[in-house]
Structure formats: C-alpha cells, structure tokens
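**Student:** Dumping the structure here so I can ask a few things about it.
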Amino acid sequence: DLTKMGEGSYRVRTSMPNDTHQEGLGRAAAAQESEKRRKSLEGMSDADRARFYWETRLAGEQRLSMPQHPDCRYTIVVPVYNEKPERLQKQLDSLRAQRTIHPSQFEVIYVVNNDVPDSGPKSHEIVAANQRIMKLLREVTDLSVHVIDKSSPGREISGCNVGKARNRGVAEASLRFHEQGKNGILIQTDADTYFEDPDYFSKLQKEVASNPEA
C-alpha cells in the first residue's frame with residue numbers, strides 16, 4: 001500500500017484579521033524556506049542530496065539502536081497515533097502469515113507519535129494509548145519490529161501530523177539501507193491496515209523485477 005500524501009488545508013477566519021495576517025506570514029515563510037532548500041540542492045549529486053536529506057531530517061533525532069539484518073530487502077514504515085492494540089495485532093499477524101519470505105528479509109518501523117500534550121484529558125489519553133502500543137510492539141520477538149518513540153516527554157513531534165511521522169520513518173528506513181551498502185524497497189502503510197494477501201511480498205518482488213525503474 002504505497003501512500004501519496006496530499007497537501008494540507010487551512011481555514012481562514014475572516015473575523016480575525018490579525019490571525020489571518022499571521023497565517024499568511026507563516027505560509028510565506030514556509031514558501032521561502034522551501035525555495036531556499038530547493039536552491040541549496042541545485043547542482044548536488046544524488047549522493048550529496050541523500051546525505052543532505054538525512055542530515056536535515058534526522059538532526060537531533062535518536063536513531064534505532066538495532067542494525068538492519070543483512071538479509072533485509074523490504075522496510076515497512078507505519079505511523080501510529082492513538083491506535084487500538086487489536087489493529088496492530090491484526091497487522092502483525094498478517095505479516096506472520098506471509099509465504100515465500102523469511103522474517104529476516106523484511107522489517108517494520110513503527111513511528112508512534114503525538115504532539116506535545118496540553119492540559120486537557122484527551123491529549124493525555126492519547127499519550128497513554130501510545131505508550132501501551134509501544135509496550136506491545138517491543139514485546140514482539142518473532143518479527144523484525146522497531147519502534148521510533150515520538151510520543152514520550154521530550155520526544156514528541158511539534159505540530160504533529162501523519163506526514164511528519166511518516167517522513168521520520170522514511171528517513172530512518174532509507175538510511176538503514178544505505179548503511180548496509182545496498183538498495184531496498186520502502187513500503188508505506190497505515191496502522192489500521194493489514195496484508196490480506198499472504199503472497200504480497202512474492203507478488204511485489206515479481207512486479208519490481210519486471211519494472212526495475214518504476
């Protein structure tokens with residue numbers, strides 16, 4: 001399930017011109033930063049672009065301590081936010097049921113995330129739910145499951161959204177393949193989905209083999 005992220009939307013509150021003005025300034029600053037980043041990439045080689053990407057995306061981040069298995073060919077990146085344990089369990093069971101692939105040939109990176117909690121009970125409930133999910137995932141021993149903690153105090157994602165969480169996981173996953181000196185396939189999916197087809201990986205490998213430049 002390859003996910004394409006769409007652009008976010010915003011709401012203009014015409015009854016509050018000062019807020020609208022500030023929103024406009026924020027968008028203008030973001031556009032300027034994007035243009036600055038684009039220009040900084042001009043003339044770079046692919047290798048330099050990749051290094052720049054990892055350096056900016058992972059600056060100040062705590063990396064996964066467990067290295068990638070040498071046989072790993074696929075990394076599945078899954079953002080997790082306030083999910084029910086049974087959904088994650090169903091997803092993990094669907095991976096256990098995959099045929100024609102050894103568990104060492106794929107890994108799953110879960111990015112458990114939330115914003116900095118406010119004083120309201122709802123945000124603290126979300127943090128508590130995320131902590132329970134991380135405990136469940138860390139107890140998995142028969143699959144290569146890794147957890148990026150973007151939920152605990154001091155590790156939250158400011159202005160958290162699924163795109164930011166997904167980007168954190170993709171940066172980690174791609175660098176892990178680079179550190180092994182090889183290319184790999186990144187699969188992006190959501191926490192409330194599962195791999196219904198037990199031959200998903202074998203079919204994916206055939207598709208990649210027939211379209212190596214896709």
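In the structure tokens, the first chain shown is A, the next is B, and so on; residue numbers restart at 1 for each chain, and ligands run from 1 in the order shown.
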For segment 208-210 of chain A, work out the shell of residues within 12 Å, counting only C-alpha atoms and skipping chain neighbours fewer than 6 positions away, then give it as a ChimeraX atom specification.
**Tutor:** /A:73-74,184-186,201-202
**Student:** Can you write out the residues you just picked, keeping N, CA, C and O atoms, as a PDB file, in the first residue's frame?
**Tutor:**
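Final file, again-v6.pdb:
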```pdb
ATOM      1  N   ARG A  73      15.326  -6.907   2.761  1.00  0.00           N
ATOM      2  CA  ARG A  73      15.093  -6.350   1.425  1.00  0.00           C
ATOM      3  C   ARG A  73      13.951  -5.345   1.411  1.00  0.00           C
ATOM      4  O   ARG A  73      13.842  -4.537   0.495  1.00  0.00           O
ATOM      5  N   TYR A  74      13.088  -5.403   2.423  1.00  0.00           N
ATOM      6  CA  TYR A  74      11.922  -4.536   2.481  1.00  0.00           C
ATOM      7  C   TYR A  74      11.822  -3.903   3.870  1.00  0.00           C
ATOM      8  O   TYR A  74      12.042  -4.572   4.882  1.00  0.00           O
ATOM      9  N   GLY A 184      17.041  -0.884  -1.223  1.00  0.00           N
ATOM     10  CA  GLY A 184      15.948  -1.663  -0.662  1.00  0.00           C
ATOM     11  C   GLY A 184      14.624  -1.073  -1.097  1.00  0.00           C
ATOM     12  O   GLY A 184      14.580  -0.038  -1.781  1.00  0.00           O
ATOM     13  N   ILE A 185      13.559  -1.714  -0.713  1.00  0.00           N
ATOM     14  CA  ILE A 185      12.213  -1.267  -1.075  1.00  0.00           C
ATOM     15  C   ILE A 185      11.502  -0.788   0.183  1.00  0.00           C
ATOM     16  O   ILE A 185      11.423  -1.509   1.179  1.00  0.00           O
ATOM     17  N   LEU A 186      10.997   0.453   0.137  1.00  0.00           N
ATOM     18  CA  LEU A 186      10.236   1.017   1.247  1.00  0.00           C
ATOM     19  C   LEU A 186       8.749   0.865   0.959  1.00  0.00           C
ATOM     20  O   LEU A 186       8.276   1.223  -0.121  1.00  0.00           O
ATOM     21  N   PHE A 201       4.433 -10.217  -0.667  1.00  0.00           N
ATOM     22  CA  PHE A 201       5.843  -9.941  -0.937  1.00  0.00           C
ATOM     23  C   PHE A 201       6.335 -10.616  -2.210  1.00  0.00           C
ATOM     24  O   PHE A 201       7.115 -10.034  -2.966  1.00  0.00           O
ATOM     25  N   SER A 202       5.899 -11.841  -2.450  1.00  0.00           N
ATOM     26  CA  SER A 202       6.334 -12.513  -3.669  1.00  0.00           C
ATOM     27  C   SER A 202       5.791 -11.810  -4.910  1.00  0.00           C
ATOM     28  O   SER A 202       6.493 -11.669  -5.924  1.00  0.00           O
TER      29      SER A 202
END
```
**Student:** Any idea what's packed within 12 Å of Glu196 of chain A, counting only C-alpha atoms, ignoring anything in its chain fewer than 4 positions away? Could you give it as a list of chain:residue names?
**Tutor:**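 In the requested form, the answer reads A:Asp1, A:Lys90, A:Gln91, A:Leu92, A:Asp93, A:Ser94, A:Leu95, A:Arg96, A:Ala97, A:Gln98, A:Arg99, A:Tyr200, A:Phe201.
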**Student:** Which parts of chain A does DSSP call strand (DSSP E) when run on the backbone here, written out as a PyMOL selection string?
**Tutor:** chain A and resi 74-80+106-113+145-150+185-188
**Student:** Near Val108 of chain A, within 6 Å and counting only C-alpha atoms, which residues show up once chain neighbours fewer than 6 positions away are dropped, as a list in words?
**Tutor:**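 Listed by chain and then number, they are Thr75, Ile76 and Val145 of chain A.
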**Student:** Any chance you could export the current selection's all heavy atoms as a PDB file, in the first residue's frame?
**Tutor:**
```pdb
ATOM      1  N   THR A  75      11.477  -2.633   3.892  1.00  0.00           N
ATOM      2  CA  THR A  75      11.162  -1.973   5.158  1.00  0.00           C
ATOM      3  C   THR A  75       9.774  -1.364   5.056  1.00  0.00           C
ATOM      4  O   THR A  75       9.478  -0.620   4.115  1.00  0.00           O
ATOM      5  CB  THR A  75      12.172  -0.873   5.505  1.00  0.00           C
ATOM      6  OG1 THR A  75      13.464  -1.455   5.685  1.00  0.00           O
ATOM      7  CG2 THR A  75      11.781  -0.166   6.791  1.00  0.00           C
ATOM      8  N   ILE A  76       8.933  -1.699   6.016  1.00  0.00           N
ATOM      9  CA  ILE A  76       7.568  -1.175   6.076  1.00  0.00           C
ATOM     10  C   ILE A  76       7.542  -0.058   7.114  1.00  0.00           C
ATOM     11  O   ILE A  76       7.936  -0.262   8.264  1.00  0.00           O
ATOM     12  CB  ILE A  76       6.574  -2.282   6.473  1.00  0.00           C
ATOM     13  CG1 ILE A  76       6.716  -3.482   5.534  1.00  0.00           C
ATOM     14  CG2 ILE A  76       5.138  -1.759   6.464  1.00  0.00           C
ATOM     15  CD1 ILE A  76       6.039  -4.746   6.041  1.00  0.00           C
ATOM     16  N   VAL A 145      10.708  -5.971  14.306  1.00  0.00           N
ATOM     17  CA  VAL A 145       9.879  -4.812  14.591  1.00  0.00           C
ATOM     18  C   VAL A 145      10.707  -3.785  15.355  1.00  0.00           C
ATOM     19  O   VAL A 145      11.369  -4.113  16.349  1.00  0.00           O
ATOM     20  CB  VAL A 145       8.637  -5.210  15.416  1.00  0.00           C
ATOM     21  CG1 VAL A 145       7.918  -3.976  15.946  1.00  0.00           C
ATOM     22  CG2 VAL A 145       7.689  -6.040  14.558  1.00  0.00           C
TER      23      VAL A 145
END
```
**Student:** Which is closer to Ser65 of chain A than all the others in A:Asp142, A:Glu35, A:Glu172, A:Glu125, using only C-alpha atoms?
**Tutor:**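 With only C-alpha atoms as the atom set, the closest residue is A:Glu172.
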**Student:** I need the residues of segment 56-206 of chain A that end up classed as alpha helix (DSSP H) by DSSP on the backbone, written out as a VMD selection string.
**Tutor:** chain A and resid 56 to 57 85 to 96 121 to 138 162 to 179 200 to 206
**Student:** Skipping near chain neighbours, those fewer than 4 positions away, what residues fall within 9 Å of Leu58 of chain A using only C-alpha atoms, listed as a ChimeraX atom specification?
**Tutor:** /A:53-54,62-63,168,171-172
**Student:** Would you mind reading off the distance between atom CA of His178 of chain A and atom CA of Ser104 of chain A, one decimal, in Å?
**Tutor:** 17.4 Å
**Student:** Counting only C-alpha atoms, which residue out of A:Lys36, A:Lys203, A:Arg57, A:Leu41 sits closest to Leu175 of chain A?
**Tutor:**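 The answer is A:Arg57, which sits nearest to Leu175 of chain A.
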**Student:** Quick one: residues within 9 Å of segment 157-167 of chain A, only C-alpha atoms, excluding same-chain residues fewer than 5 positions away - as JSON, numbers by chain?
**Tutor:** {"A": [5, 57, 77, 78, 79, 80, 81, 111, 112, 113, 114, 115, 116, 150, 151, 172, 188]}
**Student:** For all heavy atoms, I'd like the residues from the last selection saved as a CSV table (one decimal), in the first residue's frame.
**Tutor:**
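For reference, out.csv as written:
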```csv
chain,number,residue,atom,x,y,z
A,5,MET,N,1.0,11.4,-0.1
A,5,MET,CA,0.5,12.4,0.8
A,5,MET,C,0.0,13.6,0.0
A,5,MET,O,0.7,14.2,-0.9
A,5,MET,CB,1.6,12.9,1.7
A,5,MET,CG,2.1,11.7,2.6
A,5,MET,SD,0.8,10.9,3.5
A,5,MET,CE,0.2,12.2,4.5
A,57,ARG,N,16.7,15.7,8.1
A,57,ARG,CA,15.6,15.0,8.6
A,57,ARG,C,15.9,14.4,10.0
A,57,ARG,O,15.0,14.3,10.8
A,57,ARG,CB,15.1,13.9,7.7
A,57,ARG,CG,14.4,14.4,6.4
A,57,ARG,CD,13.1,15.0,6.7
A,57,ARG,NE,12.4,15.3,5.4
A,57,ARG,CZ,11.2,16.0,5.4
A,57,ARG,NH1,10.6,16.3,6.5
A,57,ARG,NH2,10.7,16.3,4.3
A,77,VAL,N,7.1,1.1,6.7
A,77,VAL,CA,7.0,2.3,7.6
A,77,VAL,C,5.6,2.5,8.0
A,77,VAL,O,4.7,2.7,7.1
A,77,VAL,CB,7.7,3.5,6.9
A,77,VAL,CG1,7.5,4.8,7.8
A,77,VAL,CG2,9.1,3.3,6.6
A,78,VAL,N,5.3,2.6,9.3
A,78,VAL,CA,3.9,2.7,9.7
A,78,VAL,C,3.8,3.8,10.8
A,78,VAL,O,4.3,3.6,11.9
A,78,VAL,CB,3.4,1.4,10.3
A,78,VAL,CG1,1.9,1.5,10.6
A,78,VAL,CG2,3.7,0.2,9.4
A,79,PRO,N,3.2,4.9,10.5
A,79,PRO,CA,2.9,5.9,11.6
A,79,PRO,C,1.8,5.3,12.5
A,79,PRO,O,0.8,4.7,12.0
A,79,PRO,CB,2.4,7.1,10.8
A,79,PRO,CG,2.7,6.9,9.4
A,79,PRO,CD,2.7,5.4,9.2
A,80,VAL,N,1.9,5.6,13.8
A,80,VAL,CA,0.9,5.1,14.7
A,80,VAL,C,0.5,6.2,15.7
A,80,VAL,O,1.4,6.9,16.3
A,80,VAL,CB,1.5,3.9,15.6
A,80,VAL,CG1,0.4,3.4,16.6
A,80,VAL,CG2,2.0,2.8,14.7
A,81,TYR,N,-0.8,6.5,15.7
A,81,TYR,CA,-1.3,7.6,16.5
A,81,TYR,C,-2.6,7.1,17.2
A,81,TYR,O,-3.6,6.9,16.5
A,81,TYR,CB,-1.5,8.8,15.7
A,81,TYR,CG,-2.2,10.0,16.4
A,81,TYR,CD1,-1.5,10.8,17.2
A,81,TYR,CD2,-3.6,10.1,16.3
A,81,TYR,CE1,-2.2,11.9,17.9
A,81,TYR,CE2,-4.3,11.2,17.0
A,81,TYR,CZ,-3.5,12.0,17.7
A,81,TYR,OH,-4.2,13.1,18.4
A,111,VAL,N,6.4,4.3,13.8
A,111,VAL,CA,6.6,5.7,14.4
A,111,VAL,C,5.4,6.0,15.2
A,111,VAL,O,4.4,6.5,14.7
A,111,VAL,CB,6.9,6.7,13.3
A,111,VAL,CG1,7.3,8.1,13.9
A,111,VAL,CG2,7.9,6.2,12.3
A,112,VAL,N,5.6,5.8,16.5
A,112,VAL,CA,4.5,6.1,17.5
A,112,VAL,C,4.6,7.6,17.9
A,112,VAL,O,5.6,8.0,18.5
A,112,VAL,CB,4.6,5.2,18.7
A,112,VAL,CG1,3.4,5.4,19.6
A,112,VAL,CG2,4.6,3.7,18.3
A,113,ASN,N,3.6,8.3,17.5
A,113,ASN,CA,3.7,9.8,17.6
A,113,ASN,C,2.5,10.5,18.2
A,113,ASN,O,1.4,10.0,18.1
A,113,ASN,CB,4.0,10.3,16.2
A,113,ASN,CG,2.8,10.2,15.3
A,113,ASN,OD1,2.0,11.1,15.1
A,113,ASN,ND2,2.6,9.0,14.7
A,114,ASN,N,2.8,11.6,18.8
A,114,ASN,CA,1.8,12.6,19.2
A,114,ASN,C,2.4,14.0,19.4
A,114,ASN,O,3.7,14.1,19.4
A,114,ASN,CB,1.1,12.2,20.5
A,114,ASN,CG,2.0,11.8,21.6
A,114,ASN,OD1,2.2,10.6,21.9
A,114,ASN,ND2,2.6,12.8,22.2
A,115,ASP,N,1.6,15.0,19.4
A,115,ASP,CA,2.1,16.3,19.7
A,115,ASP,C,2.4,16.5,21.2
A,115,ASP,O,2.1,15.6,22.0
A,115,ASP,CB,1.0,17.3,19.3
A,115,ASP,CG,1.6,18.7,18.9
A,115,ASP,OD1,2.6,19.1,19.4
A,115,ASP,OD2,1.0,19.4,18.0
A,116,VAL,N,3.0,17.6,21.5
A,116,VAL,CA,3.2,17.9,22.9
A,116,VAL,C,1.8,18.1,23.6
A,116,VAL,O,1.0,18.9,23.1
A,116,VAL,CB,4.0,19.2,23.1
A,116,VAL,CG1,4.2,19.6,24.6
A,116,VAL,CG2,5.4,19.1,22.4
A,150,LYS,N,8.1,8.8,19.3
A,150,LYS,CA,7.9,10.2,19.1
A,150,LYS,C,6.6,10.6,19.9
A,150,LYS,O,5.8,11.4,19.5
A,150,LYS,CB,7.7,10.6,17.6
A,150,LYS,CG,8.9,10.3,16.7
A,150,LYS,CD,10.1,11.0,17.2
A,150,LYS,CE,10.0,12.5,17.1
A,150,LYS,NZ,11.3,13.1,17.5
A,151,SER,N,6.5,9.9,21.1
A,151,SER,CA,5.4,10.1,22.0
A,151,SER,C,5.8,10.5,23.4
A,151,SER,O,5.1,11.3,24.0
A,151,SER,CB,4.6,8.8,22.0
A,151,SER,OG,3.5,8.9,23.0
A,172,GLU,N,14.7,7.3,8.4
A,172,GLU,CA,15.3,6.2,9.1
A,172,GLU,C,15.5,5.0,8.3
A,172,GLU,O,16.6,4.4,8.2
A,172,GLU,CB,14.5,5.9,10.4
A,172,GLU,CG,15.2,4.9,11.3
A,172,GLU,CD,16.2,5.5,12.2
A,172,GLU,OE1,16.1,6.7,12.5
A,172,GLU,OE2,17.2,4.7,12.6
A,188,GLN,N,5.1,1.9,2.5
A,188,GLN,CA,4.4,2.8,3.4
A,188,GLN,C,2.9,2.4,3.6
A,188,GLN,O,2.2,2.2,2.6
A,188,GLN,CB,4.4,4.3,3.0
A,188,GLN,CG,5.9,4.8,2.8
A,188,GLN,CD,5.9,6.2,2.3
A,188,GLN,OE1,5.2,7.1,2.9
A,188,GLN,NE2,6.7,6.5,1.3
```
**Student:** Would you list the contacts of Glu179 of chain A as a PyMOL selection string, taking every protein, DNA or RNA residue within 12 Å and counting only C-alpha atoms, but skipping same-chain residues closer than 5 positions in sequence?
**Tutor:** chain A and resi 51+54+67-70+172-174+184
**Student:** For the residues in the current selection, export N, CA, C and O atoms as a JSON list (two decimals), in the first residue's frame.
**Tutor:**
```
[["chain", "number", "residue", "atom", "x", "y", "z"],
["A", 51, "ARG", "N", 22.61, 12.62, 1.40],
["A", 51, "ARG", "CA", 23.24, 12.99, 2.67],
["A", 51, "ARG", "C", 22.58, 14.23, 3.26],
["A", 51, "ARG", "O", 22.36, 14.32, 4.49],
["A", 54, "TRP", "N", 19.23, 13.19, 4.85],
["A", 54, "TRP", "CA", 19.36, 12.51, 6.15],
["A", 54, "TRP", "C", 19.82, 13.47, 7.24],
["A", 54, "TRP", "O", 19.34, 13.40, 8.37],
["A", 67, "PRO", "N", 20.79, -2.68, 14.42],
["A", 67, "PRO", "CA", 21.08, -2.54, 12.98],
["A", 67, "PRO", "C", 20.15, -3.39, 12.13],
["A", 67, "PRO", "O", 19.54, -4.35, 12.62],
["A", 68, "GLN", "N", 20.07, -3.04, 10.88],
["A", 68, "GLN", "CA", 19.24, -3.79, 9.94],
["A", 68, "GLN", "C", 19.86, -5.16, 9.68],
["A", 68, "GLN", "O", 21.09, -5.29, 9.56],
["A", 69, "HIS", "N", 19.01, -6.18, 9.58],
["A", 69, "HIS", "CA", 19.51, -7.52, 9.27],
["A", 69, "HIS", "C", 20.12, -7.51, 7.87],
["A", 69, "HIS", "O", 19.56, -6.91, 6.95],
["A", 70, "PRO", "N", 21.26, -8.17, 7.67],
["A", 70, "PRO", "CA", 21.90, -8.18, 6.35],
["A", 70, "PRO", "C", 21.01, -8.71, 5.23],
["A", 70, "PRO", "O", 21.19, -8.35, 4.06],
["A", 172, "GLU", "N", 14.66, 7.30, 8.41],
["A", 172, "GLU", "CA", 15.34, 6.23, 9.15],
["A", 172, "GLU", "C", 15.52, 5.00, 8.27],
["A", 172, "GLU", "O", 16.61, 4.41, 8.20],
["A", 173, "ALA", "N", 14.44, 4.61, 7.59],
["A", 173, "ALA", "CA", 14.47, 3.39, 6.79],
["A", 173, "ALA", "C", 15.46, 3.48, 5.64],
["A", 173, "ALA", "O", 16.24, 2.55, 5.38],
["A", 174, "SER", "N", 15.45, 4.60, 4.93],
["A", 174, "SER", "CA", 16.35, 4.74, 3.79],
["A", 174, "SER", "C", 17.81, 4.78, 4.22],
["A", 174, "SER", "O", 18.68, 4.21, 3.54],
["A", 184, "GLY", "N", 17.04, -0.88, -1.22],
["A", 184, "GLY", "CA", 15.95, -1.66, -0.66],
["A", 184, "GLY", "C", 14.62, -1.07, -1.10],
["A", 184, "GLY", "O", 14.58, -0.04, -1.78]]
```
**Student:** Using only C-alpha atoms, pick whichever of A:Pro85, A:Pro121, A:Ile126, A:Ile187 has the shortest atom-to-atom distance to Leu204 of chain A.
**Tutor:** A:Ile187
